[in-house]
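J.: Sending over upload-v1.txt (compact mmCIF, C-alpha atoms).
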```txt
# COMPACT_ATOMS: atom_id res chain seq x y z
CA MET L 1 2.47 16.15 -28.96
CA ASN L 2 5.97 17.67 -28.94
CA LYS L 3 8.66 16.92 -26.37
CA GLU L 4 8.08 20.16 -24.47
CA GLU L 5 4.38 19.48 -24.01
CA LEU L 6 5.18 15.94 -22.95
CA LEU L 7 7.79 17.13 -20.46
CA SER L 8 5.41 19.67 -18.96
CA LYS L 9 2.66 17.04 -18.56
CA LEU L 10 5.16 14.66 -16.98
CA LYS L 11 6.34 17.38 -14.60
CA ALA L 12 2.77 18.03 -13.48
CA ILE L 13 2.32 14.30 -12.80
CA ILE L 14 5.47 13.85 -10.73
CA THR L 15 5.27 17.10 -8.75
CA PRO L 16 2.96 15.82 -5.94
CA TYR L 17 5.34 12.93 -5.23
CA VAL L 18 8.63 14.86 -5.20
CA GLN L 19 10.47 15.13 -1.88
CA ASN L 20 13.44 17.12 -3.17
CA GLU L 21 12.20 20.55 -4.30
CA GLU L 22 15.66 21.55 -5.51
CA GLY L 23 15.65 18.60 -7.88
CA LEU L 24 12.28 19.68 -9.24
CA LYS L 25 13.53 23.21 -9.89
CA ASN L 26 16.42 21.78 -11.89
CA LEU L 27 14.27 19.25 -13.73
CA ASN L 28 15.78 18.17 -17.05
CA ILE L 29 15.82 15.06 -19.22
CA HIS L 30 18.58 13.48 -17.11
CA THR L 31 16.69 13.87 -13.82
CA ASP L 32 16.50 10.57 -11.95
CA PHE L 33 13.21 10.13 -10.06
CA ILE L 34 14.74 8.34 -7.08
CA LYS L 35 18.19 9.95 -6.83
CA ASP L 36 17.35 13.54 -7.79
CA LEU L 37 13.71 13.88 -6.76
CA GLU L 38 13.64 11.36 -3.86
CA ILE L 39 10.38 9.81 -5.01
CA ASN L 40 9.89 6.50 -3.16
CA SER L 41 9.12 3.22 -4.90
CA ALA L 42 5.45 3.26 -3.85
CA ASN L 43 4.98 6.70 -5.38
CA LEU L 44 6.83 5.63 -8.52
CA VAL L 45 3.91 3.25 -9.04
CA ASP L 46 1.54 6.22 -8.69
CA VAL L 47 3.56 8.17 -11.25
CA VAL L 48 3.22 5.29 -13.71
CA LEU L 49 -0.53 4.92 -13.06
CA ASP L 50 -1.02 8.68 -13.49
CA VAL L 51 0.96 8.55 -16.74
CA GLU L 52 -1.38 5.79 -17.96
CA ASP L 53 -4.43 7.93 -17.19
CA GLU L 54 -3.02 11.15 -18.60
CA PHE L 55 -1.87 9.67 -21.91
CA ASP L 56 -4.43 6.84 -22.14
CA ILE L 57 -1.73 4.20 -22.57
CA GLU L 58 -0.89 0.96 -20.78
CA ILE L 59 2.51 0.51 -19.19
CA ASP L 60 3.68 -3.09 -18.82
CA ASN L 61 6.02 -4.37 -16.08
CA GLU L 62 9.10 -4.24 -18.28
CA SER L 63 8.52 -0.59 -19.26
CA MET L 64 7.67 0.34 -15.68
CA GLU L 65 11.02 -0.91 -14.46
CA LYS L 66 12.76 1.37 -16.98
CA MET L 67 10.82 4.50 -16.06
CA LEU L 68 13.38 5.82 -13.60
CA THR L 69 14.44 9.01 -15.39
CA VAL L 70 12.68 11.76 -17.29
CA GLU L 71 14.44 10.69 -20.48
CA ALA L 72 13.44 7.03 -20.20
CA SER L 73 9.88 7.95 -19.28
CA ILE L 74 9.47 10.24 -22.27
CA ALA L 75 10.88 7.55 -24.58
CA ILE L 76 8.41 4.99 -23.22
CA ILE L 77 5.45 7.38 -23.38
CA GLU L 78 6.33 8.31 -26.97
CA SER L 79 6.64 4.70 -28.06
CA LYS L 80 3.34 3.73 -26.38
CA LEU L 81 1.61 6.70 -28.00
CA GLN L 82 2.89 5.56 -31.39
CA GLU L 83 1.54 2.06 -30.84
CA LYS L 84 -1.95 3.44 -30.34
CA MET X 1 -4.62 -20.29 -1.49
CA ASN X 2 -7.35 -20.82 1.12
CA LYS X 3 -8.42 -18.60 4.01
CA GLU X 4 -6.66 -20.69 6.64
CA ASN X 5 -3.20 -20.96 5.16
CA ILE X 6 -2.93 -17.24 4.38
CA ILE X 7 -2.62 -16.50 8.11
CA GLN X 8 0.14 -19.11 8.41
CA LYS X 9 2.04 -17.36 5.63
CA LEU X 10 2.03 -13.99 7.38
CA PRO X 11 5.42 -12.66 8.49
CA TYR X 12 4.08 -11.64 11.95
CA THR X 13 3.85 -13.42 15.25
CA LYS X 14 2.60 -12.70 18.75
CA PRO X 15 2.60 -10.13 20.25
CA PHE X 16 2.25 -8.37 16.92
CA LEU X 17 -0.13 -10.58 14.98
CA PHE X 18 -3.55 -8.93 14.71
CA VAL X 19 -5.51 -11.37 12.56
CA ASP X 20 -7.54 -14.30 13.95
CA GLU X 21 -9.56 -15.29 10.91
CA ILE X 22 -10.36 -14.42 7.34
CA ILE X 23 -14.11 -14.49 6.84
CA GLU X 24 -14.37 -13.66 3.13
CA ILE X 25 -11.83 -13.20 0.36
CA ASP X 26 -11.92 -12.76 -3.40
CA ASP X 27 -10.14 -10.66 -6.02
CA ILE X 28 -11.85 -7.43 -5.01
CA HIS X 29 -12.23 -7.58 -1.25
CA ILE X 30 -11.28 -9.20 2.03
CA LYS X 31 -13.07 -9.42 5.38
CA GLY X 32 -11.19 -10.51 8.48
CA ALA X 33 -11.48 -10.35 12.25
CA TYR X 34 -9.36 -9.97 15.36
CA THR X 35 -10.25 -10.02 19.06
CA PHE X 36 -8.00 -7.86 21.22
CA LEU X 37 -6.80 -9.82 24.24
CA GLN X 38 -7.24 -8.64 27.81
CA ASP X 39 -3.47 -8.48 28.26
CA GLU X 40 -2.07 -7.08 24.98
CA TYR X 41 1.35 -5.61 25.82
CA PHE X 42 0.45 -2.03 24.85
CA TYR X 43 -2.45 -1.74 27.31
CA LYS X 44 0.08 -1.36 30.14
CA GLY X 45 1.07 2.05 28.80
CA HIS X 46 -1.87 3.22 26.66
CA PHE X 47 -3.22 4.70 28.79
CA LYS X 48 -2.11 4.68 32.44
CA ASP X 49 -4.80 2.69 34.31
CA ASN X 50 -7.12 3.14 31.33
CA PRO X 51 -6.47 0.55 28.60
CA ILE X 52 -7.61 1.63 25.11
CA THR X 53 -6.26 0.19 21.85
CA PRO X 54 -3.89 2.72 20.22
CA GLY X 55 -4.88 4.07 16.81
CA VAL X 56 -1.58 2.88 15.35
CA ILE X 57 -2.47 -0.65 16.43
CA LEU X 58 -5.92 -0.36 14.81
CA THR X 59 -4.15 0.83 11.65
CA GLU X 60 -1.75 -2.11 11.95
CA CYS X 61 -4.67 -4.54 12.32
CA MET X 62 -6.32 -3.06 9.21
CA ALA X 63 -3.03 -3.24 7.30
CA GLN X 64 -2.36 -6.86 8.36
CA ILE X 65 -5.79 -7.89 7.06
CA GLY X 66 -6.30 -5.43 4.21
CA MET X 67 -2.72 -5.35 2.92
CA ALA X 68 -0.74 -8.38 4.06
CA CYS X 69 -3.44 -11.11 3.96
CA PHE X 70 -5.11 -9.64 0.89
CA GLY X 71 -1.78 -9.12 -0.88
CA ILE X 72 -0.65 -12.70 -0.25
CA TYR X 73 -3.96 -13.88 -1.72
CA LEU X 74 -3.65 -11.59 -4.76
CA LEU X 75 -0.07 -12.77 -5.39
CA LYS X 76 -1.56 -16.24 -6.05
CA GLY X 77 1.25 -18.46 -4.90
CA GLU X 78 4.05 -16.07 -5.82
CA TRP X 79 4.42 -15.13 -2.15
CA ASN X 80 7.48 -16.68 -0.54
CA GLN X 81 8.01 -15.68 3.07
CA ALA X 82 11.75 -16.35 2.94
CA LYS X 83 12.25 -14.32 -0.23
CA ASN X 84 9.64 -11.56 -0.13
CA GLY X 85 9.24 -8.62 2.18
CA ILE X 86 6.30 -6.30 2.68
CA ALA X 87 6.06 -2.70 3.79
CA ILE X 88 3.29 -0.25 4.42
CA THR X 89 3.87 2.78 2.22
CA SER X 90 1.06 5.12 3.25
CA SER X 91 -2.01 5.39 5.43
CA ASP X 92 -4.69 8.00 5.75
CA MET X 93 -7.02 7.09 8.58
CA ASN X 94 -9.91 8.53 10.55
CA PHE X 95 -11.02 7.10 13.89
CA TYR X 96 -14.57 7.20 15.24
CA LYS X 97 -14.86 4.95 18.32
CA PRO X 98 -12.47 3.60 20.96
CA VAL X 99 -11.66 -0.13 21.03
CA TYR X 100 -11.23 -1.67 24.49
CA PRO X 101 -9.55 -4.92 25.64
CA THR X 102 -11.46 -8.11 24.63
CA GLU X 103 -13.34 -6.32 21.85
CA LYS X 104 -13.69 -8.11 18.53
CA VAL X 105 -13.24 -6.03 15.39
CA VAL X 106 -14.05 -6.84 11.78
CA VAL X 107 -11.97 -5.30 9.00
CA ILE X 108 -13.19 -4.93 5.42
CA ALA X 109 -10.81 -3.87 2.66
CA GLU X 110 -11.70 -3.15 -0.94
CA LYS X 111 -9.04 -3.07 -3.62
CA GLU X 112 -8.47 0.21 -5.42
CA TYR X 113 -5.63 -1.25 -7.42
CA PHE X 114 -2.92 -3.91 -7.27
CA ARG X 115 -0.24 -3.11 -9.82
CA PHE X 116 3.54 -3.30 -9.98
CA ASN X 117 3.52 -4.98 -6.55
CA LYS X 118 1.70 -2.09 -4.89
CA LEU X 119 -1.68 -2.68 -3.28
CA LYS X 120 -3.93 0.26 -2.43
CA CYS X 121 -7.18 -0.37 -0.53
CA LYS X 122 -10.07 1.40 1.09
CA VAL X 123 -10.32 -0.08 4.58
CA ALA X 124 -12.90 0.10 7.34
CA MET X 125 -13.08 -1.42 10.82
CA TYR X 126 -16.29 -2.22 12.70
CA ASN X 127 -16.84 -3.28 16.32
CA SER X 128 -19.06 -6.16 17.48
CA GLU X 129 -22.11 -3.88 17.38
CA ASP X 130 -21.30 -3.24 13.70
CA ILE X 131 -20.48 0.40 14.44
CA LEU X 132 -17.73 2.04 12.38
CA VAL X 133 -14.50 2.34 14.40
CA ALA X 134 -12.04 3.54 11.76
CA LYS X 135 -11.95 4.16 8.05
CA GLY X 136 -9.33 5.20 5.54
CA ILE X 137 -6.93 4.27 2.80
CA VAL X 138 -3.78 2.18 3.11
CA SER X 139 -1.11 1.24 0.60
CA GLY X 140 1.70 -1.26 0.77
CA MET X 141 4.28 -2.96 -1.37
CA THR X 142 5.91 -6.32 -1.67
CA PHE X 143 9.52 -6.65 -2.74
CA ILE X 144 12.37 -9.15 -2.96
CA LYS X 145 14.45 -9.08 0.21
CA ASN X 146 18.20 -8.72 -0.18
CA ASP X 147 20.84 -9.18 2.47
CA GLU X 148 22.94 -6.08 1.97
```
What would the structure in this file look like if it were written as structure tokens?

T.:
Amino acid sequence: MNKEELLSKLKAIITPYVQNEEGLKNLNIHTDFIKDLEINSANLVDVVLDVEDEFDIEIDNESMEKMLTVEASIAIIESKLQEK
Amino acid sequence: MNKENIIQKLPYTKPFLFVDEIIEIDDIHIKGAYTFLQDEYFYKGHFKDNPITPGVILTECMAQIGMACFGIYLLKGEWNQAKNGIAITSSDMNFYKPVYPTEKVVVIAEKEYFRFNKLKCKVAMYNSEDILVAKGIVSGMTFIKNDE
């Protein structure tokens, strides 16, 4: 899976939880889920659980705490996919 | 963690404690009960001369049993009332029957997931005739309190 595919899958996952539509329009690797998209902490958990289902990977607590930006999330997803 | 000391660990008190007893509890479900008093404070205003338990209070009762009590149990001793906070993060509820003063209700919650400190449950409330009063989904989180 290339980065673009990964980003588009990630965008589809986060979209239902986004409160700031402007932030979603400008989505890029530096987008911060809380600051730019106004996703709350409860929905961040849903993002992580949806990522697990979509990519068939398991996210541990330590990785979850890092998944606050698009860039960090993609890095974690890529590394978990490699471990498979 | 036994059924009795969970209620003592709750961060609520009268007039906003809506749990009398926990009837069953394990890793997948909880069953608890509350009897609404004749003189709960909200009956004075809901409604004028016609006391009926507000839906938000039924939701609160379901969340106190299905989120707070259940969550404290699932945290297995990690719960510290001085250090931890809890918050409801979403609720999607349907109501079927009114609940009047002095009625006893039983709440059953089944865990959908408990991960990263978020608990999501299917919850249902039944009256003393075992008729469904309310049903839905609630989610909540526990977090470390800070004094900013």

J.: What residues in chain X have any atom no more than 7 Å from chain L when counting only C-alpha atoms, and can you write them as a ChimeraX atom specification?

T.: /X:89,116,118,141

J.: Residues near X:Gly71, anyone? I mean within 12 Å using all atoms listed in the file, not counting same-chain ones fewer than 2 positions away, as JSON, numbers by chain.

T.: {"X": [1, 6, 7, 9, 10, 25, 26, 27, 28, 29, 30, 63, 64, 65, 66, 67, 68, 69, 73, 74, 75, 76, 77, 78, 79, 80, 84, 85, 86, 87, 88, 109, 110, 111, 113, 114, 115, 117, 118, 119, 120, 121, 139, 140, 141, 142, 143]}

J.: Could you give me, as a list of chain:residue names, the residues within 6 Å of stretch 92-107 of chain X, counting all atoms listed in the file and dropping anything in the same chain fewer than 4 positions from it?

T.: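 Selected residues are X:Lys31, X:Gly32, X:Ala33, X:Tyr34, X:Thr35, X:Phe36, X:Leu37, X:Gln38, X:Ile52, X:Thr53, X:Ala124, X:Met125, X:Tyr126, X:Asn127, X:Ser128, X:Val133, X:Ala134, X:Lys135, X:Gly136, X:Ile137.
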
J.: Env of L:Ile13: 9 Å cut, atoms = all atoms listed in the file, seq-sep filter 6 positions within chain, self excluded. Answer as a PyMOL selection string.

T.: chain L and resi 47+50-51+54

J.: Rounded to one decimal, what separation in Å do you get between atom CA of L:Ile59 and atom CA of X:Ile72?

T.: 23.3 Å

J.: Quick check, in Å to one decimal: how far apart do atom CA of L:His30 and atom CA of L:Ala72 lie?

T.: 8.8 Å

J.: Write out as an mmCIF file with C-alpha atoms, in the coordinates of the input each polymer residue whose atoms come within 9 Å of L:Lys3, counting all atoms listed in the file; drop sequence neighbours fewer than 3 positions from it.

T.:
```cif
data_model
loop_
_atom_site.group_PDB
_atom_site.id
_atom_site.type_symbol
_atom_site.label_atom_id
_atom_site.label_comp_id
_atom_site.auth_asym_id
_atom_site.auth_seq_id
_atom_site.Cartn_x
_atom_site.Cartn_y
_atom_site.Cartn_z
ATOM 1 C CA LEU L 6 5.180 15.940 -22.950
ATOM 2 C CA LEU L 7 7.790 17.130 -20.460
ATOM 3 C CA SER L 8 5.410 19.670 -18.960
ATOM 4 C CA ILE L 74 9.470 10.240 -22.270
ATOM 5 C CA GLU L 78 6.330 8.310 -26.970
#
```

J.: Which distance in Å separates atom CA of X:Ile22 and atom CA of X:Phe42, to one decimal?

T.: 24.0 Å

J.: Which residue out of L:Ile57, L:Ile76, L:Lys9, L:Val18 has the minimum interatomic distance to L:Asp32 when all atoms listed in the file are used?

T.: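 The shortest atom-to-atom distance to L:Asp32 comes from L:Val18.
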
J.: Using all atoms listed in the file, can you tell me which of X:Asn2, X:Gln8, X:Ser91, X:Asn146 comes closest to X:Val56?

T.: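 Result for the nearest residue to X:Val56: X:Ser91.
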
J.: Can you list, as a PyMOL selection string, every protein, DNA or RNA residue that comes within 9 Å of L:Thr31 when you count only C-alpha atoms, leaving out same-chain residues fewer than 6 positions away?

T.: chain L and resi 23-24+37+68-71

J.: Produce the centre coordinates and the three edge lengths, each in Å to one decimal, of the box along x, y and z that contains all listed atoms of stretch 9-12 of chain L with 4 Å added on each side, as lines of an AutoDock Vina configuration file.

T.:
```
center_x = 4.5
center_y = 16.3
center_z = -16.0
size_x = 11.7
size_y = 11.4
size_z = 13.1
```
